[in-house]
$ cat model_25.tsv   # TSV, C-alpha atoms
chain	number	residue	atom	x	y	z
A	1	MET	CA	-12.70	9.19	23.65
A	2	GLN	CA	-14.04	6.79	21.12
A	3	LYS	CA	-17.48	6.10	19.63
A	4	ASP	CA	-18.90	3.94	16.87
A	5	PHE	CA	-21.40	5.17	14.30
A	6	VAL	CA	-23.37	3.60	11.50
A	7	ILE	CA	-23.46	5.68	8.34
A	8	GLN	CA	-27.09	6.64	7.74
A	9	ASN	CA	-27.28	8.64	4.56
A	10	LYS	CA	-28.10	6.92	1.30
A	11	MET	CA	-25.01	7.83	-0.65
A	12	GLY	CA	-22.56	7.08	2.13
A	13	MET	CA	-19.58	9.25	2.91
A	14	HIS	CA	-18.94	10.69	-0.53
A	15	ALA	CA	-17.08	13.90	-1.36
A	16	ARG	CA	-19.49	16.41	0.15
A	17	PRO	CA	-20.03	14.67	3.49
A	18	ALA	CA	-16.29	13.98	3.72
A	19	ALA	CA	-15.57	17.66	3.15
A	20	GLN	CA	-18.13	18.61	5.83
A	21	PHE	CA	-16.53	16.20	8.26
A	22	VAL	CA	-13.02	17.54	7.63
A	23	LYS	CA	-14.20	21.14	7.94
A	24	CYS	CA	-15.82	20.36	11.25
A	25	ALA	CA	-12.86	18.28	12.50
A	26	SER	CA	-10.31	20.92	11.52
A	27	ARG	CA	-11.87	23.46	13.88
A	28	PHE	CA	-10.63	21.48	16.86
A	29	LYS	CA	-7.19	21.23	18.37
A	30	CYS	CA	-7.49	17.58	19.37
A	31	ASP	CA	-6.34	14.67	17.23
A	32	ILE	CA	-9.17	12.99	15.39
A	33	TRP	CA	-9.01	9.50	13.93
A	34	VAL	CA	-11.65	7.74	11.93
A	35	GLU	CA	-11.44	4.01	11.58
A	36	LYS	CA	-13.12	1.46	9.35
A	37	ASP	CA	-12.12	-2.18	8.95
A	38	GLU	CA	-9.32	-1.65	11.48
A	39	GLU	CA	-7.72	1.04	9.34
A	40	PRO	CA	-7.49	4.43	11.02
A	41	VAL	CA	-7.14	7.63	9.00
A	42	ASN	CA	-6.71	11.23	10.06
A	43	GLY	CA	-10.13	12.83	10.49
A	44	LYS	CA	-8.76	16.14	9.26
A	45	SER	CA	-7.72	14.65	5.93
A	46	ILE	CA	-10.18	14.65	3.07
A	47	MET	CA	-8.19	12.02	1.19
A	48	GLY	CA	-8.15	9.84	4.28
A	49	LEU	CA	-11.90	9.94	4.75
A	50	MET	CA	-12.62	9.38	1.09
A	51	MET	CA	-10.24	6.45	1.06
A	52	LEU	CA	-12.39	4.75	3.68
A	53	ALA	CA	-15.33	4.77	1.25
A	54	ALA	CA	-17.74	4.29	4.14
A	55	GLY	CA	-21.10	3.36	2.63
A	56	ARG	CA	-24.58	3.32	4.08
A	57	GLY	CA	-24.95	0.79	6.86
A	58	GLU	CA	-21.22	0.54	7.46
A	59	THR	CA	-19.69	1.30	10.83
A	60	ILE	CA	-17.00	3.87	11.44
A	61	SER	CA	-15.30	4.50	14.72
A	62	ILE	CA	-14.30	8.04	15.70
A	63	THR	CA	-11.54	8.72	18.21
A	64	THR	CA	-10.87	12.20	19.58
A	65	GLU	CA	-7.89	12.88	21.78
A	66	GLY	CA	-6.82	16.20	23.25
A	67	GLU	CA	-8.08	19.21	25.10
A	68	ASP	CA	-11.34	19.79	23.21
A	69	GLU	CA	-12.09	16.13	22.51
A	70	GLU	CA	-15.56	16.18	24.06
A	71	GLN	CA	-16.84	19.07	22.04
A	72	ALA	CA	-15.29	17.68	18.86
A	73	MET	CA	-16.99	14.34	19.43
A	74	ALA	CA	-20.34	16.02	20.11
A	75	GLU	CA	-20.22	18.04	16.89
A	76	LEU	CA	-18.98	15.18	14.74
A	77	GLU	CA	-21.64	12.94	16.23
A	78	ALA	CA	-24.34	15.45	15.33
A	79	LEU	CA	-23.00	15.64	11.80
A	80	VAL	CA	-22.79	11.90	11.23
A	81	THR	CA	-26.11	11.01	12.85
A	82	SER	CA	-27.89	13.74	10.88
A	83	GLY	CA	-26.75	11.95	7.73
A	84	PHE	CA	-24.61	14.96	6.81
A	85	GLY	CA	-27.76	16.84	5.93
A	86	ASP	CA	-28.33	14.64	2.87
A	87	SER	CA	-31.99	14.71	1.95
A	88	GLU	CA	-32.36	10.95	2.34
B	89	MET	CA	4.97	15.56	15.83
B	90	ASN	CA	1.93	15.02	17.99
B	91	SER	CA	-0.57	13.50	15.63
B	92	LEU	CA	0.98	10.26	14.54
B	93	PRO	CA	-1.86	7.81	14.14
B	94	PRO	CA	-2.17	4.68	16.22
B	95	VAL	CA	-0.22	2.65	13.65
B	96	LYS	CA	-2.04	-0.60	13.10
B	97	ILE	CA	-0.25	-3.23	11.14
B	98	LYS	CA	-2.53	-5.61	9.33
B	99	ARG	CA	-1.33	-9.01	8.24
B	100	PRO	CA	-3.65	-10.33	5.56
B	101	ALA	CA	-4.58	-13.92	6.40
B	102	SER	CA	-5.89	-14.54	2.92
B	103	VAL	CA	-6.11	-12.92	-0.50
B	104	LEU	CA	-9.16	-12.93	-2.76
B	105	VAL	CA	-8.58	-14.72	-6.05
B	106	ARG	CA	-10.20	-11.66	-7.62
B	107	ASP	CA	-7.52	-9.34	-6.21
B	108	PHE	CA	-4.75	-11.70	-7.24
B	109	PHE	CA	-6.15	-11.92	-10.75
B	110	GLU	CA	-7.00	-8.25	-11.26
B	111	HIS	CA	-3.74	-6.90	-9.86
B	112	ASN	CA	-1.47	-9.29	-11.70
B	113	GLN	CA	-3.38	-9.96	-14.88
B	114	GLU	CA	-0.84	-8.12	-17.00
B	115	ASP	CA	2.39	-8.98	-15.23
B	116	LEU	CA	1.57	-12.65	-14.96
B	117	LYS	CA	-0.06	-12.72	-18.41
B	118	LEU	CA	-3.23	-14.22	-17.00
B	119	ARG	CA	-6.59	-14.72	-18.64
B	120	MET	CA	-9.64	-16.52	-17.44
B	121	VAL	CA	-10.69	-19.63	-19.31
B	122	GLY	CA	-13.35	-20.91	-16.94
B	123	THR	CA	-16.02	-19.51	-14.66
B	124	ASP	CA	-15.54	-16.30	-12.73
B	125	ASP	CA	-17.61	-17.73	-9.87
B	126	GLY	CA	-14.38	-18.72	-8.16
B	127	LEU	CA	-13.03	-15.18	-7.90
B	128	SER	CA	-14.56	-14.84	-4.45
B	129	ARG	CA	-12.49	-17.78	-3.19
B	130	ARG	CA	-9.46	-17.09	-1.07
B	131	ILE	CA	-5.80	-17.94	-1.37
B	132	LEU	CA	-4.70	-18.92	2.14
B	133	GLU	CA	-0.94	-19.26	1.66
B	134	PRO	CA	1.49	-17.05	-0.26
B	135	SER	CA	2.72	-19.83	-2.42
B	136	VAL	CA	1.87	-22.08	-5.35
B	137	ASN	CA	1.52	-25.83	-5.59
B	138	ARG	CA	1.90	-28.27	-8.46
B	139	PRO	CA	-0.82	-30.85	-7.98
B	140	GLY	CA	1.05	-33.73	-9.64
B	141	LEU	CA	0.80	-36.09	-6.70
B	142	ALA	CA	-2.84	-35.20	-6.19
B	143	LEU	CA	-3.65	-36.02	-9.79
B	144	SER	CA	-2.01	-39.40	-9.27
B	145	GLY	CA	-4.47	-39.98	-6.45
B	146	PHE	CA	-2.39	-39.08	-3.40
B	147	PHE	CA	-4.13	-36.34	-1.41
B	148	THR	CA	-2.41	-36.70	1.97
B	149	TYR	CA	-0.73	-33.39	2.90
B	150	PHE	CA	-2.21	-31.85	-0.22
B	151	ALA	CA	-1.45	-28.09	-0.17
B	152	TYR	CA	-5.01	-27.02	-0.95
B	153	LYS	CA	-4.48	-23.49	0.44
B	154	ARG	CA	-2.25	-22.49	-2.47
B	155	VAL	CA	-2.71	-21.53	-6.09
B	156	GLN	CA	-2.63	-24.76	-8.11
B	157	VAL	CA	-0.36	-24.60	-11.15
B	158	ILE	CA	-0.70	-27.15	-13.90
B	159	GLY	CA	2.31	-27.34	-16.18
B	160	ASN	CA	3.49	-29.65	-18.89
B	161	SER	CA	4.16	-32.64	-16.67
B	162	GLU	CA	0.72	-32.54	-15.02
B	163	LEU	CA	-0.88	-32.14	-18.42
B	164	SER	CA	0.90	-35.05	-19.97
B	165	PHE	CA	0.11	-37.14	-16.92
B	166	LEU	CA	-3.57	-36.27	-17.23
B	167	GLY	CA	-3.39	-36.94	-20.95
B	168	GLY	CA	-2.03	-40.41	-20.28
B	169	LEU	CA	-4.92	-41.35	-18.02
B	170	LYS	CA	-8.12	-42.91	-19.33
B	171	PRO	CA	-10.57	-40.01	-19.80
B	172	GLU	CA	-12.90	-41.36	-17.14
B	173	LEU	CA	-10.08	-41.59	-14.57
B	174	ALA	CA	-8.75	-38.15	-15.55
B	175	ARG	CA	-12.20	-36.70	-14.91
B	176	GLN	CA	-12.43	-38.49	-11.57
B	177	ARG	CA	-9.02	-37.26	-10.36
B	178	PHE	CA	-9.66	-33.76	-11.59
B	179	SER	CA	-12.99	-33.54	-9.77
B	180	GLN	CA	-11.27	-34.86	-6.66
B	181	LEU	CA	-8.76	-32.01	-7.04
B	182	CYS	CA	-11.61	-29.53	-7.46
B	183	SER	CA	-13.33	-30.80	-4.33
B	184	GLN	CA	-10.34	-29.92	-2.12
B	185	ASP	CA	-11.33	-26.30	-1.48
B	186	ILE	CA	-8.47	-24.98	-3.61
B	187	PRO	CA	-8.45	-21.23	-4.48
B	188	CYS	CA	-7.91	-21.47	-8.25
B	189	ILE	CA	-6.13	-23.34	-11.02
B	190	VAL	CA	-3.57	-21.83	-13.39
B	191	LEU	CA	-2.58	-23.52	-16.62
B	192	ALA	CA	0.95	-22.58	-17.65
B	193	ARG	CA	2.51	-22.21	-21.11
B	194	GLY	CA	-0.83	-21.15	-22.58
B	195	ARG	CA	-1.89	-24.80	-22.59
B	196	MET	CA	-5.48	-25.93	-22.30
B	197	ILE	CA	-7.16	-28.83	-20.60
B	198	PRO	CA	-10.08	-30.67	-22.22
B	199	GLN	CA	-13.39	-28.83	-22.07
B	200	ASP	CA	-15.00	-31.51	-19.89
B	201	LEU	CA	-12.38	-30.81	-17.19
B	202	ILE	CA	-13.07	-27.08	-17.41
B	203	GLU	CA	-16.75	-27.92	-16.90
B	204	ILE	CA	-15.87	-29.87	-13.76
B	205	ALA	CA	-13.99	-26.85	-12.35
B	206	ASN	CA	-16.85	-24.52	-13.34
B	207	GLU	CA	-19.33	-26.69	-11.53
B	208	ALA	CA	-17.16	-26.75	-8.44
B	209	GLY	CA	-17.00	-22.94	-8.61
B	210	ILE	CA	-13.26	-22.88	-9.17
B	211	THR	CA	-11.79	-20.39	-11.60
B	212	VAL	CA	-9.39	-21.78	-14.18
B	213	MET	CA	-6.90	-19.29	-15.61
B	214	GLN	CA	-4.25	-19.55	-18.22
B	215	THR	CA	-0.87	-17.87	-18.37
B	216	SER	CA	1.30	-17.67	-21.44
B	217	MET	CA	4.40	-17.84	-19.22
B	218	ILE	CA	6.38	-21.04	-18.83
B	219	THR	CA	5.74	-22.86	-15.57
B	220	MET	CA	8.95	-22.05	-13.66
B	221	LYS	CA	8.83	-18.40	-14.63
B	222	PHE	CA	5.19	-18.16	-13.62
B	223	ILE	CA	5.89	-19.83	-10.28
B	224	ASN	CA	8.74	-17.43	-9.51
B	225	GLN	CA	6.79	-14.34	-10.45
B	226	ALA	CA	3.56	-15.46	-8.81
B	227	THR	CA	5.39	-16.15	-5.55
B	228	ILE	CA	6.80	-12.62	-5.55
B	229	LYS	CA	3.34	-11.20	-6.24
B	230	LEU	CA	1.77	-13.31	-3.52
B	231	ASP	CA	4.42	-12.13	-1.06
B	232	TYR	CA	3.32	-8.59	-1.86
B	233	HIS	CA	-0.37	-9.40	-1.31
B	234	PHE	CA	0.36	-11.14	1.99
B	235	ALA	CA	2.84	-8.54	3.25
B	236	PRO	CA	2.07	-6.77	6.55
B	237	MET	CA	0.54	-3.40	5.77
B	238	THR	CA	-0.53	-0.20	7.38
B	239	LEU	CA	-1.95	3.19	6.49
B	240	ILE	CA	-0.01	6.32	7.27
B	241	HIS	CA	-0.87	9.99	7.11
B	242	ALA	CA	1.79	11.33	4.73
B	243	CYS	CA	2.59	11.91	1.06
B	244	LEU	CA	4.85	9.71	-1.02
B	245	VAL	CA	6.81	11.13	-3.94
B	246	ASP	CA	9.47	9.77	-6.25
B	247	VAL	CA	12.20	12.41	-6.33
B	248	GLN	CA	14.76	11.47	-8.98
B	249	GLY	CA	14.44	7.83	-8.13
B	250	ILE	CA	14.43	8.35	-4.37
B	251	GLY	CA	11.20	7.44	-2.58
B	252	VAL	CA	10.48	10.33	-0.21
B	253	LEU	CA	7.78	10.02	2.42
B	254	VAL	CA	6.69	13.51	3.46
B	255	GLN	CA	5.20	13.65	6.94
B	256	GLY	CA	3.88	16.56	8.92
B	257	ASP	CA	0.86	17.68	10.90
B	258	SER	CA	-2.27	18.75	9.08
B	259	GLY	CA	-1.72	22.17	7.60
B	260	THR	CA	2.09	22.06	7.39
B	261	GLY	CA	1.82	22.12	3.60
B	262	LYS	CA	2.72	18.58	2.60
B	263	SER	CA	0.54	18.56	-0.49
B	264	GLU	CA	1.64	22.06	-1.52
B	265	ALA	CA	5.27	20.94	-1.31
B	266	VAL	CA	4.40	17.89	-3.40
B	267	ILE	CA	2.92	20.10	-6.13
B	268	GLY	CA	6.19	22.03	-6.16
B	269	LEU	CA	8.04	18.74	-6.61
B	270	LEU	CA	5.74	17.64	-9.43
B	271	GLN	CA	6.49	20.91	-11.20
B	272	ARG	CA	10.15	19.94	-11.00
B	273	GLY	CA	9.47	16.63	-12.72
B	274	CYS	CA	9.00	14.36	-9.72
B	275	SER	CA	6.14	11.90	-9.58
B	276	LEU	CA	3.35	11.36	-7.08
B	277	VAL	CA	2.66	7.99	-5.51
B	278	ALA	CA	0.15	8.98	-2.85
B	279	ASP	CA	-1.19	12.15	-1.28
B	280	ASP	CA	-2.15	12.36	2.37
B	281	VAL	CA	-2.82	8.64	2.83
B	282	VAL	CA	-0.16	6.10	2.00
B	283	ARG	CA	-0.53	2.36	2.19
B	284	LEU	CA	2.78	0.90	3.33
B	285	ARG	CA	3.74	-2.73	2.95
B	286	LEU	CA	6.71	-4.43	4.51
B	287	ILE	CA	8.25	-6.64	1.86
B	288	GLU	CA	10.58	-9.46	2.86
B	289	GLU	CA	11.13	-7.83	6.27
B	290	ARG	CA	13.42	-5.39	4.51
B	291	ASP	CA	11.78	-2.89	2.19
B	292	VAL	CA	8.89	-0.59	3.00
B	293	VAL	CA	6.91	-0.08	-0.18
B	294	GLY	CA	4.20	2.55	-0.48
B	295	SER	CA	1.23	2.96	-2.77
B	296	ALA	CA	-1.99	4.93	-2.84
B	297	PRO	CA	-5.27	3.38	-1.75
B	298	GLU	CA	-7.25	2.70	-4.90
B	299	THR	CA	-9.79	5.46	-4.31
B	300	THR	CA	-7.23	8.23	-3.99
B	301	GLN	CA	-4.79	7.11	-6.70
B	302	ASN	CA	-3.47	10.01	-8.83
B	303	MET	CA	-5.41	12.50	-6.73
B	304	ILE	CA	-4.13	15.31	-4.58
B	305	GLU	CA	-5.95	17.73	-2.33
B	306	ILE	CA	-4.83	21.32	-2.28
B	307	ARG	CA	-6.51	23.67	0.14
B	308	GLY	CA	-8.42	26.32	-1.70
B	309	LEU	CA	-8.43	24.40	-4.98
B	310	GLY	CA	-9.92	21.08	-3.94
B	311	ILE	CA	-9.13	17.68	-5.34
B	312	LEU	CA	-6.96	17.62	-8.44
B	313	ASN	CA	-6.07	14.78	-10.79
B	314	VAL	CA	-2.30	14.88	-11.12
B	315	ALA	CA	-2.15	12.50	-14.08
B	316	ALA	CA	-4.58	14.68	-16.01
B	317	LEU	CA	-2.86	17.95	-15.07
B	318	PHE	CA	0.80	16.99	-15.36
B	319	GLY	CA	0.66	13.90	-17.57
B	320	VAL	CA	1.02	10.25	-16.65
B	321	GLY	CA	4.75	10.74	-16.11
B	322	ALA	CA	3.85	12.62	-12.94
B	323	VAL	CA	2.37	9.58	-11.21
B	324	ARG	CA	3.58	6.14	-10.30
B	325	LEU	CA	1.83	3.25	-8.62
B	326	THR	CA	4.35	2.07	-6.05
B	327	LYS	CA	7.69	3.18	-4.68
B	328	ARG	CA	10.01	1.97	-1.97
B	329	VAL	CA	10.45	4.49	0.85
B	330	ASP	CA	14.11	5.53	1.06
B	331	LEU	CA	13.86	8.74	3.05
B	332	VAL	CA	11.39	10.22	5.51
B	333	VAL	CA	11.14	14.02	5.39
B	334	ARG	CA	9.33	15.53	8.35
B	335	LEU	CA	7.93	19.02	7.91
B	336	ARG	CA	7.74	20.93	11.16
B	337	ALA	CA	6.15	24.26	11.82
B	338	GLY	CA	7.23	26.56	14.60
B	339	ILE	CA	10.27	24.75	15.94
B	340	GLU	CA	13.34	26.23	17.54
B	341	THR	CA	16.41	26.49	15.34
B	342	SER	CA	18.40	24.96	18.18
B	343	GLU	CA	16.60	21.66	17.61
B	344	LEU	CA	17.65	21.46	14.01
B	345	GLU	CA	20.44	19.71	12.19
B	346	ARG	CA	23.12	22.24	11.28
B	347	VAL	CA	26.04	20.12	10.10
B	348	GLY	CA	24.65	16.77	9.00
B	349	MET	CA	27.52	14.45	9.88
B	350	GLY	CA	25.47	11.65	11.28
B	351	GLU	CA	22.46	10.01	9.81
B	352	ARG	CA	19.21	10.25	11.71
B	353	LYS	CA	16.77	7.40	11.42
B	354	VAL	CA	13.16	6.74	12.32
B	355	PRO	CA	11.49	3.36	12.51
B	356	LEU	CA	9.00	2.77	9.71
B	357	MET	CA	7.17	-0.53	10.11
B	358	GLY	CA	10.13	-1.62	12.19
B	359	ILE	CA	12.72	-0.67	9.57
B	360	ASP	CA	15.20	2.08	10.47
B	361	THR	CA	14.77	4.65	7.74
B	362	PRO	CA	16.93	7.75	7.17
B	363	THR	CA	15.12	10.94	8.06
B	364	VAL	CA	15.53	14.72	7.94
B	365	GLU	CA	13.48	17.46	9.53
B	366	ILE	CA	12.67	20.55	7.54
B	367	PRO	CA	11.34	23.63	9.32
B	368	VAL	CA	8.36	25.16	7.57
B	369	ALA	CA	8.11	28.93	7.62
B	370	PRO	CA	6.74	31.59	5.29
B	371	GLY	CA	9.15	32.23	2.45
B	372	ARG	CA	10.95	28.89	2.59
B	373	ASP	CA	10.73	26.93	-0.63
B	374	VAL	CA	9.93	23.58	0.95
B	375	ALA	CA	9.75	21.72	-2.38
B	376	SER	CA	13.31	22.61	-3.31
B	377	LEU	CA	14.51	21.71	0.19
B	378	ILE	CA	12.90	18.29	-0.10
B	379	GLU	CA	14.52	17.80	-3.48
B	380	LEU	CA	17.84	18.81	-1.97
B	381	ALA	CA	17.38	16.35	0.89
B	382	ALA	CA	16.68	13.57	-1.61
B	383	LEU	CA	19.74	14.40	-3.69
B	384	ASN	CA	21.91	14.53	-0.59
B	385	TYR	CA	20.56	11.15	0.45
B	386	LYS	CA	21.55	9.81	-2.97
B	387	LEU	CA	25.01	11.25	-2.62
B	388	LYS	CA	25.40	9.63	0.80
B	389	ALA	CA	24.20	6.34	-0.65
B	390	PHE	CA	27.03	6.63	-3.17
B	391	GLY	CA	29.40	7.00	-0.24
B	392	TYR	CA	29.96	10.74	-0.18
B	393	ASN	CA	29.05	12.82	2.85
B	394	SER	CA	29.54	16.58	2.38
B	395	ALA	CA	29.70	17.26	6.10
B	396	VAL	CA	32.31	14.58	6.75
B	397	ASP	CA	34.39	15.86	3.82
B	398	PHE	CA	34.17	19.39	5.17
B	399	ASP	CA	35.15	18.25	8.66
B	400	GLN	CA	38.14	16.39	7.28
B	401	ARG	CA	39.33	19.48	5.44
B	402	LEU	CA	39.10	21.34	8.70
B	403	LEU	CA	40.98	18.67	10.62
B	404	LYS	CA	43.70	18.51	7.98
B	405	LYS	CA	44.14	22.24	8.02
B	406	MET	CA	44.57	22.26	11.79
B	407	ALA	CA	46.94	19.30	11.72
B	408	ASP	CA	49.07	20.95	9.00
B	409	ARG	CA	49.35	24.09	11.06
B	410	GLN	CA	50.54	22.22	14.10
B	411	LEU	CA	53.19	20.40	12.09
B	412	GLY	CA	54.38	23.56	10.32

$ encode --input "model_25.tsv" --output "C-alpha cells"
Amino acid sequence: MQKDFVIQNKMGMHARPAAQFVKCASRFKCDIWVEKDEEPVNGKSIMGLMMLAAGRGETISITTEGEDEEQAMAELEALVTSGFGDSE
Amino acid sequence: MNSLPPVKIKRPASVLVRDFFEHNQEDLKLRMVGTDDGLSRRILEPSVNRPGLALSGFFTYFAYKRVQVIGNSELSFLGGLKPELARQRFSQLCSQDIPCIVLARGRMIPQDLIEIANEAGITVMQTSMITMKFINQATIKLDYHFAPMTLIHACLVDVQGIGVLVQGDSGTGKSEAVIGLLQRGCSLVADDVVRLRLIEERDVVGSAPETTQNMIEIRGLGILNVAALFGVGAVRLTKRVDLVVRLRAGIETSELERVGMGERKVPLMGIDTPTVEIPVAPGRDVASLIELAALNYKLKAFGYNSAVDFDQRLLKKMADRQLG
C-alpha cells in the first residue's frame, strides 16, 4: 500500500526524525520505500532517508509491501503526522 | 534478494546552470565574470554552441538550448563591428533564452556587453582553457549531467581500482564489510545509497548523494565521517561499477558457486555486470572475501581464470593417462 504525507515539523526530516523512522520501519518484515521527487529509498536505511532531505511542507510517499504492511503503514503514519514528536 | 527497490530511472531533461558551474568550476577552469542571476537558468541540451552566425545576425535554427561559447573568432568578429551594432547583436543573442555564455581563452568582452548580459539575467563565465579543449571537456561533463540516473540501496567501494557495488538486504552487514575494506586501504564512494548514472550507454558510474558523501552508518556507533576517521585517501567521489557483490544471509550451500568457471552477470541499468554471491554467516570475514572477489575479477579481466586453468590441468591429466 502507498500513501502520501506532507512533512509537518519545523526542522523537516533531520537526523533524529530519520532515526525514529528507521527504528520504527525496521520492526516490520515488509519492504518499506520512501519516495520524494520520484526517487525511492529504503525506509529502513538511515542514509537513504537523510539523503532525501525532506523539509517542512514537502511531500513524501511511503510504500509498504509484505505481510505486515498495514500495521507498518499505520505506525509510520502516526509518526510522520505527529511531526516526529518535535515540539513545533 | 527480496527488497530490491522499484528501480526508477530518471532522465534529466535539463540541468541548472548553477549545477553545471558548481560541479565543473575546477575541471573546466570556470569563473564568473557577470551576474549570478542567471544561475537558475537551465541548459536544455547536453551540448555547446558557438554563436558566430547569430552574432552576424542570422538567428534561424539558432541552438539557444545549449551553452554558448565565445572563442577567438567570435570575439574578433564582435571587435570588428561598430560598437553600436555589436551591442545590438549581443543583446539579440541575450534575448534568445540561452542558458549562459562562456568566454574561452580567458578573454574578456567589453564591459558594456557584460552589462547587457547582466540585464538580461544571463550569467557570463570565463574559462582559461582554449576553445576546442573547453568544448570537448564541457561536452563530456554535460553528458554526465544529462545521463540517465537512479538511486540504489547498496554500498560502493573502490577495491584496488575495482569498483565494487555491495548489495544485500538491510542487516546483512554491508556497511560493516565496507569498514573492513577501508581498514585494508580501500576507499568509500557511497554507503547505503548510491546514485548510479549510465554514461554513454556503456558504463555505470556511481557516486554518493551530496548529503551522505563521506558518511557511513554503522549500527551501534551511528553515523561516522570516513574522511575524518581514515583520511581523505579513504574516500573518492565517483567510481565505475565493475563488479556487483551480493551478500546473502541464510542461503543453502547448494545454491552457491563452488567452482567459478563461468561468469555470472546481473543487469545494472541495463548493462550486464559481473556478479558474485557471498554467503554471510557468523565468523566469515566478509571484507576479505569481497577483496578476494575483486582481485579475482581483476585477474579474469587480465585473461586468467583459475577455475578454467584447474579444469584444464585435470583434463590433461586424464588425457595423458588414457594415452599412456

$ closest_residue --input "model_25.tsv" --among "B:Val136, B:Leu276, B:Ile304, B:Leu317" --to "Leu253 (chain B)" --atoms "all atoms listed in the file"
B:Leu276

$ closest_residue --input "model_25.tsv" --among "A:Asp31, A:Asp37, A:Glu67, A:Glu77" --to "Met51 (chain A)" --atoms "all atoms listed in the file"
A:Asp37

$ atom_distance --input "model_25.tsv" --atom1 "CA of Cys188 (chain B)" --atom2 "CA of Gly126 (chain B)"
7.0 Å

$ residues_around --input "model_25.tsv" --residues "region 365-373 of chain B" --least-positions-apart "2" --cutoff "6 Å" --atoms "all atoms listed in the file" --output "PyMOL selection string"
chain B and resi 333-337+375-376

$ interface_residues --input "model_25.tsv" --of "chain A" --to "chain B" --cutoff "9 Å" --atoms "only C-alpha atoms" --output "ChimeraX atom specification"
/A:26,30-33,38-42,44-48,50-53

$ atom_distance --input "model_25.tsv" --atom1 "CA of Ala25 (chain A)" --atom2 "CA of Glu65 (chain A)"
11.8 Å

$ atom_distance --input "model_25.tsv" --atom1 "CA of Ala192 (chain B)" --atom2 "CA of Thr219 (chain B)"
5.2 Å

$ closest_residue --input "model_25.tsv" --among "B:Leu163, B:Ala226, B:Ile267, B:Val190" --to "Val314 (chain B)" --atoms "all atoms listed in the file"
B:Ile267

$ residues_around --input "model_25.tsv" --residues "His14 (chain A)" --least-positions-apart "4" --cutoff "9 Å" --atoms "all atoms listed in the file" --output "ChimeraX atom specification"
/A:18-19,49-50,53-55

$ closest_residue --input "model_25.tsv" --among "A:Thr81, A:Ala72, A:Phe21, A:Lys36" --to "Glu58 (chain A)" --atoms "all atoms listed in the file"
A:Lys36

$ residues_around --input "model_25.tsv" --residues "Tyr232 (chain B)" --least-positions-apart "6" --cutoff "9 Å" --atoms "only C-alpha atoms" --output "PyMOL selection string"
chain B and resi 134+285-288

$ closest_residue --input "model_25.tsv" --among "A:Gly43, A:Met13, A:Lys23, A:Phe28" --to "Ile62 (chain A)" --atoms "only C-alpha atoms"
A:Gly43

$ residues_around --input "model_25.tsv" --residues "Arg99 (chain B)" --least-positions-apart "6" --cutoff "7 Å" --atoms "only C-alpha atoms" --output "list in words"
Phe234, Ala235, Pro236 and Met237 of chain B

$ closest_residue --input "model_25.tsv" --among "A:Lys29, A:Cys24, A:Gln8, A:Arg16" --to "Gly66 (chain A)" --atoms "all atoms listed in the file"
A:Lys29

$ residues_around --input "model_25.tsv" --residues "Asp330 (chain B)" --least-positions-apart "6" --cutoff "8 Å" --atoms "only C-alpha atoms" --output "ChimeraX atom specification"
/B:250-253,361-362
